Amino acid sequence: MNQDSYAKMLTAVQAFHDKHQFRETGGEEMTYRVALMTEELGEIAECVTKGKGKEALAEECADLFILLIGTAIAADFDLNQAFWDKMEKIQSRQSRMINGRIRVSEFKD
């Protein structure tokens with residue numbers, strides 16, 4: 001079964017929120033969600049810095065992605081549209097090498 005569409009992912013995360021009554025029990029409160037995303041980002045960092053395998057990294061990235069989709073649900077914005085709007089914006093940005101690594105940003109010289 002093809003599970004590649006954003007709409008299917010959004011529906012699955014919404015069903016998860018509904019099942020556990022996130023809206024009614026504080027699971028959609030923004031500072032709580034930021035703390036959860038910070039925790040997941042730490043787990044991603046642990047995968048990288050401790051040399052864990054690709055499967056562990058993929059699982060932690062999926063956890064963060066699910067939290068990002070859930071945050072869009074909780075804050076009532078269209079993450080899919082926000083993604084494409086941001087991609088269009090960053091495509092016009094310049095890149096620079098900084099300390100031997102590429103950086104794409106709105107540089108303020």
# chains A, B, ... in the order shown; residues from 1 in each chain; ligands from 1
call {"tool": "residues_around", "arguments": {"residues": "region 104-108 of chain A", "least_positions_apart": "3", "cutoff": "8 Å", "atoms": "only C-alpha atoms", "output": "list in words"}}
result
Ile90, Arg93, Gln94, Ser95 and Arg96 of chain A
call {"tool": "residues_around", "arguments": {"residues": "region 73-80 of chain A", "least_positions_apart": "3", "cutoff": "12 Å", "atoms": "only C-alpha atoms", "output": "JSON, numbers by chain"}}
result
{"A": [5, 6, 7, 8, 9, 10, 11, 12, 13, 14, 15, 16, 17, 18, 21, 22, 23, 24, 26, 27, 28, 29, 30, 31, 32, 33, 34, 65, 66, 67, 68, 69, 70, 83, 84, 85, 86, 87]}
call {"tool": "write_last_selection", "arguments": {"atoms": "N, CA and C atoms", "output": "tab-separated table (two decimals), in the first residue's frame"}}
result
chain	number	residue	atom	x	y	z
A	5	SER	N	1.48	9.89	0.49
A	5	SER	CA	0.85	11.20	0.39
A	5	SER	C	0.80	11.90	1.74
A	6	TYR	N	1.02	13.21	1.70
A	6	TYR	CA	0.97	14.01	2.92
A	6	TYR	C	-0.43	13.91	3.54
A	7	ALA	N	-1.45	13.89	2.70
A	7	ALA	CA	-2.83	13.81	3.22
A	7	ALA	C	-3.03	12.55	4.06
A	8	LYS	N	-2.46	11.44	3.64
A	8	LYS	CA	-2.57	10.20	4.41
A	8	LYS	C	-1.81	10.31	5.73
A	9	MET	N	-0.64	10.93	5.70
A	9	MET	CA	0.12	11.11	6.94
A	9	MET	C	-0.64	12.02	7.90
A	10	LEU	N	-1.21	13.10	7.38
A	10	LEU	CA	-1.98	14.03	8.20
A	10	LEU	C	-3.18	13.32	8.83
A	11	THR	N	-3.87	12.51	8.06
A	11	THR	CA	-5.02	11.76	8.57
A	11	THR	C	-4.60	10.79	9.66
A	12	ALA	N	-3.46	10.12	9.47
A	12	ALA	CA	-2.98	9.16	10.46
A	12	ALA	C	-2.61	9.85	11.77
A	13	VAL	N	-1.94	10.99	11.68
A	13	VAL	CA	-1.55	11.72	12.90
A	13	VAL	C	-2.79	12.29	13.58
A	14	GLN	N	-3.75	12.79	12.80
A	14	GLN	CA	-4.99	13.30	13.40
A	14	GLN	C	-5.72	12.17	14.12
A	15	ALA	N	-5.76	10.99	13.53
A	15	ALA	CA	-6.42	9.84	14.18
A	15	ALA	C	-5.70	9.49	15.49
A	16	PHE	N	-4.38	9.57	15.50
A	16	PHE	CA	-3.60	9.32	16.72
A	16	PHE	C	-3.95	10.35	17.80
A	17	HIS	N	-4.03	11.62	17.41
A	17	HIS	CA	-4.42	12.67	18.36
A	17	HIS	C	-5.82	12.42	18.90
A	18	ASP	N	-6.73	12.07	18.01
A	18	ASP	CA	-8.12	11.81	18.43
A	18	ASP	C	-8.20	10.61	19.37
A	21	GLN	N	-6.99	11.65	22.67
A	21	GLN	CA	-7.62	12.90	23.13
A	21	GLN	C	-6.59	13.98	23.46
A	22	PHE	N	-5.65	14.18	22.56
A	22	PHE	CA	-4.60	15.16	22.78
A	22	PHE	C	-5.15	16.56	23.04
A	23	ARG	N	-6.14	16.96	22.25
A	23	ARG	CA	-6.69	18.32	22.39
A	23	ARG	C	-7.27	18.54	23.78
A	24	GLU	N	-7.92	17.50	24.33
A	24	GLU	CA	-8.59	17.63	25.62
A	24	GLU	C	-7.65	17.40	26.81
A	26	GLY	N	-4.11	18.20	27.00
A	26	GLY	CA	-2.86	18.96	27.02
A	26	GLY	C	-1.82	18.53	26.00
A	27	GLY	N	-2.12	17.51	25.20
A	27	GLY	CA	-1.16	17.02	24.23
A	27	GLY	C	-0.92	17.94	23.05
A	28	GLU	N	-1.79	18.95	22.89
A	28	GLU	CA	-1.62	19.89	21.79
A	28	GLU	C	-1.15	21.26	22.28
A	29	GLU	N	-0.76	21.36	23.54
A	29	GLU	CA	-0.25	22.61	24.10
A	29	GLU	C	1.14	22.85	23.52
A	30	MET	N	1.39	24.06	23.04
A	30	MET	CA	2.59	24.32	22.25
A	30	MET	C	3.90	24.18	23.03
A	31	THR	N	3.99	24.67	24.25
A	31	THR	CA	5.27	24.53	24.96
A	31	THR	C	5.57	23.07	25.26
A	32	TYR	N	4.54	22.28	25.50
A	32	TYR	CA	4.72	20.84	25.70
A	32	TYR	C	5.24	20.20	24.41
A	33	ARG	N	4.67	20.60	23.29
A	33	ARG	CA	5.08	20.04	22.00
A	33	ARG	C	6.52	20.42	21.68
A	34	VAL	N	6.91	21.65	22.00
A	34	VAL	CA	8.31	22.06	21.79
A	34	VAL	C	9.24	21.18	22.62
A	65	PHE	N	9.12	13.94	12.78
A	65	PHE	CA	8.21	14.31	11.70
A	65	PHE	C	6.75	14.20	12.15
A	66	ILE	N	6.43	13.13	12.88
A	66	ILE	CA	5.08	12.95	13.41
A	66	ILE	C	4.73	14.09	14.36
A	67	LEU	N	5.69	14.47	15.21
A	67	LEU	CA	5.46	15.60	16.12
A	67	LEU	C	5.27	16.90	15.35
A	68	LEU	N	6.02	17.11	14.27
A	68	LEU	CA	5.85	18.32	13.46
A	68	LEU	C	4.46	18.36	12.82
A	69	ILE	N	4.02	17.24	12.28
A	69	ILE	CA	2.67	17.19	11.70
A	69	ILE	C	1.63	17.45	12.79
A	70	GLY	N	1.83	16.84	13.96
A	70	GLY	CA	0.91	17.06	15.07
A	70	GLY	C	0.90	18.51	15.54
A	83	PHE	N	5.55	24.20	3.92
A	83	PHE	CA	6.75	23.60	3.37
A	83	PHE	C	7.05	24.16	1.98
A	84	TRP	N	6.05	24.15	1.10
A	84	TRP	CA	6.27	24.60	-0.28
A	84	TRP	C	6.55	26.09	-0.34
A	85	ASP	N	5.88	26.89	0.52
A	85	ASP	CA	6.17	28.32	0.57
A	85	ASP	C	7.62	28.55	1.00
A	86	LYS	N	8.08	27.80	2.00
A	86	LYS	CA	9.44	27.96	2.49
A	86	LYS	C	10.46	27.50	1.45
A	87	MET	N	10.17	26.39	0.76
A	87	MET	CA	11.08	25.91	-0.28
A	87	MET	C	11.25	26.97	-1.37
call {"tool": "atom_distance", "arguments": {"atom1": "CA of Arg103 (chain A)", "atom2": "CA of Gln91 (chain A)"}}
result
12.7 Å
call {"tool": "decode", "arguments": {"residues": "region 31-81 of chain A", "atoms": "C-alpha atoms", "output": "PDB file, in the first residue's frame"}}
result
ATOM      1  CA  THR A  31       5.269  24.532  24.959  1.00  0.00           C
ATOM      2  CA  TYR A  32       4.718  20.841  25.696  1.00  0.00           C
ATOM      3  CA  ARG A  33       5.080  20.040  21.997  1.00  0.00           C
ATOM      4  CA  VAL A  34       8.308  22.056  21.788  1.00  0.00           C
ATOM      5  CA  ALA A  35       9.676  20.037  24.719  1.00  0.00           C
ATOM      6  CA  LEU A  36       8.743  16.787  22.951  1.00  0.00           C
ATOM      7  CA  MET A  37      10.376  17.929  19.708  1.00  0.00           C
ATOM      8  CA  THR A  38      13.507  18.944  21.620  1.00  0.00           C
ATOM      9  CA  GLU A  39      13.608  15.477  23.173  1.00  0.00           C
ATOM     10  CA  GLU A  40      13.311  13.846  19.754  1.00  0.00           C
ATOM     11  CA  LEU A  41      16.008  16.082  18.299  1.00  0.00           C
ATOM     12  CA  GLY A  42      18.260  14.953  21.154  1.00  0.00           C
ATOM     13  CA  GLU A  43      17.538  11.342  20.213  1.00  0.00           C
ATOM     14  CA  ILE A  44      18.484  12.107  16.603  1.00  0.00           C
ATOM     15  CA  ALA A  45      21.721  13.672  17.841  1.00  0.00           C
ATOM     16  CA  GLU A  46      22.390  10.574  19.921  1.00  0.00           C
ATOM     17  CA  CYS A  47      21.975   8.365  16.852  1.00  0.00           C
ATOM     18  CA  VAL A  48      24.514  10.442  14.951  1.00  0.00           C
ATOM     19  CA  THR A  49      27.067  10.998  17.701  1.00  0.00           C
ATOM     20  CA  LYS A  50      26.972   7.430  19.007  1.00  0.00           C
ATOM     21  CA  GLY A  51      27.082   5.826  15.565  1.00  0.00           C
ATOM     22  CA  LYS A  52      23.709   4.101  15.789  1.00  0.00           C
ATOM     23  CA  GLY A  53      22.457   2.520  12.590  1.00  0.00           C
ATOM     24  CA  LYS A  54      20.384   3.976   9.795  1.00  0.00           C
ATOM     25  CA  GLU A  55      17.238   2.238  11.092  1.00  0.00           C
ATOM     26  CA  ALA A  56      17.530   3.923  14.504  1.00  0.00           C
ATOM     27  CA  LEU A  57      18.122   7.298  12.856  1.00  0.00           C
ATOM     28  CA  ALA A  58      15.138   6.804  10.539  1.00  0.00           C
ATOM     29  CA  GLU A  59      12.882   5.922  13.488  1.00  0.00           C
ATOM     30  CA  GLU A  60      13.897   9.014  15.449  1.00  0.00           C
ATOM     31  CA  CYS A  61      13.458  11.237  12.378  1.00  0.00           C
ATOM     32  CA  ALA A  62       9.991   9.741  11.900  1.00  0.00           C
ATOM     33  CA  ASP A  63       9.167  10.530  15.537  1.00  0.00           C
ATOM     34  CA  LEU A  64      10.145  14.165  14.981  1.00  0.00           C
ATOM     35  CA  PHE A  65       8.206  14.314  11.702  1.00  0.00           C
ATOM     36  CA  ILE A  66       5.079  12.953  13.412  1.00  0.00           C
ATOM     37  CA  LEU A  67       5.460  15.596  16.115  1.00  0.00           C
ATOM     38  CA  LEU A  68       5.851  18.316  13.455  1.00  0.00           C
ATOM     39  CA  ILE A  69       2.670  17.189  11.703  1.00  0.00           C
ATOM     40  CA  GLY A  70       0.907  17.060  15.072  1.00  0.00           C
ATOM     41  CA  THR A  71       2.093  20.576  15.855  1.00  0.00           C
ATOM     42  CA  ALA A  72       0.580  21.789  12.590  1.00  0.00           C
ATOM     43  CA  ILE A  73      -2.681  20.121  13.597  1.00  0.00           C
ATOM     44  CA  ALA A  74      -2.569  21.636  17.089  1.00  0.00           C
ATOM     45  CA  ALA A  75      -1.704  25.130  15.816  1.00  0.00           C
ATOM     46  CA  ASP A  76      -4.163  24.822  12.900  1.00  0.00           C
ATOM     47  CA  PHE A  77      -1.854  25.588   9.993  1.00  0.00           C
ATOM     48  CA  ASP A  78      -1.207  23.812   6.704  1.00  0.00           C
ATOM     49  CA  LEU A  79       2.284  22.302   7.056  1.00  0.00           C
ATOM     50  CA  ASN A  80       2.239  21.077   3.465  1.00  0.00           C
ATOM     51  CA  GLN A  81       1.645  24.621   2.177  1.00  0.00           C
TER      52      GLN A  81
END
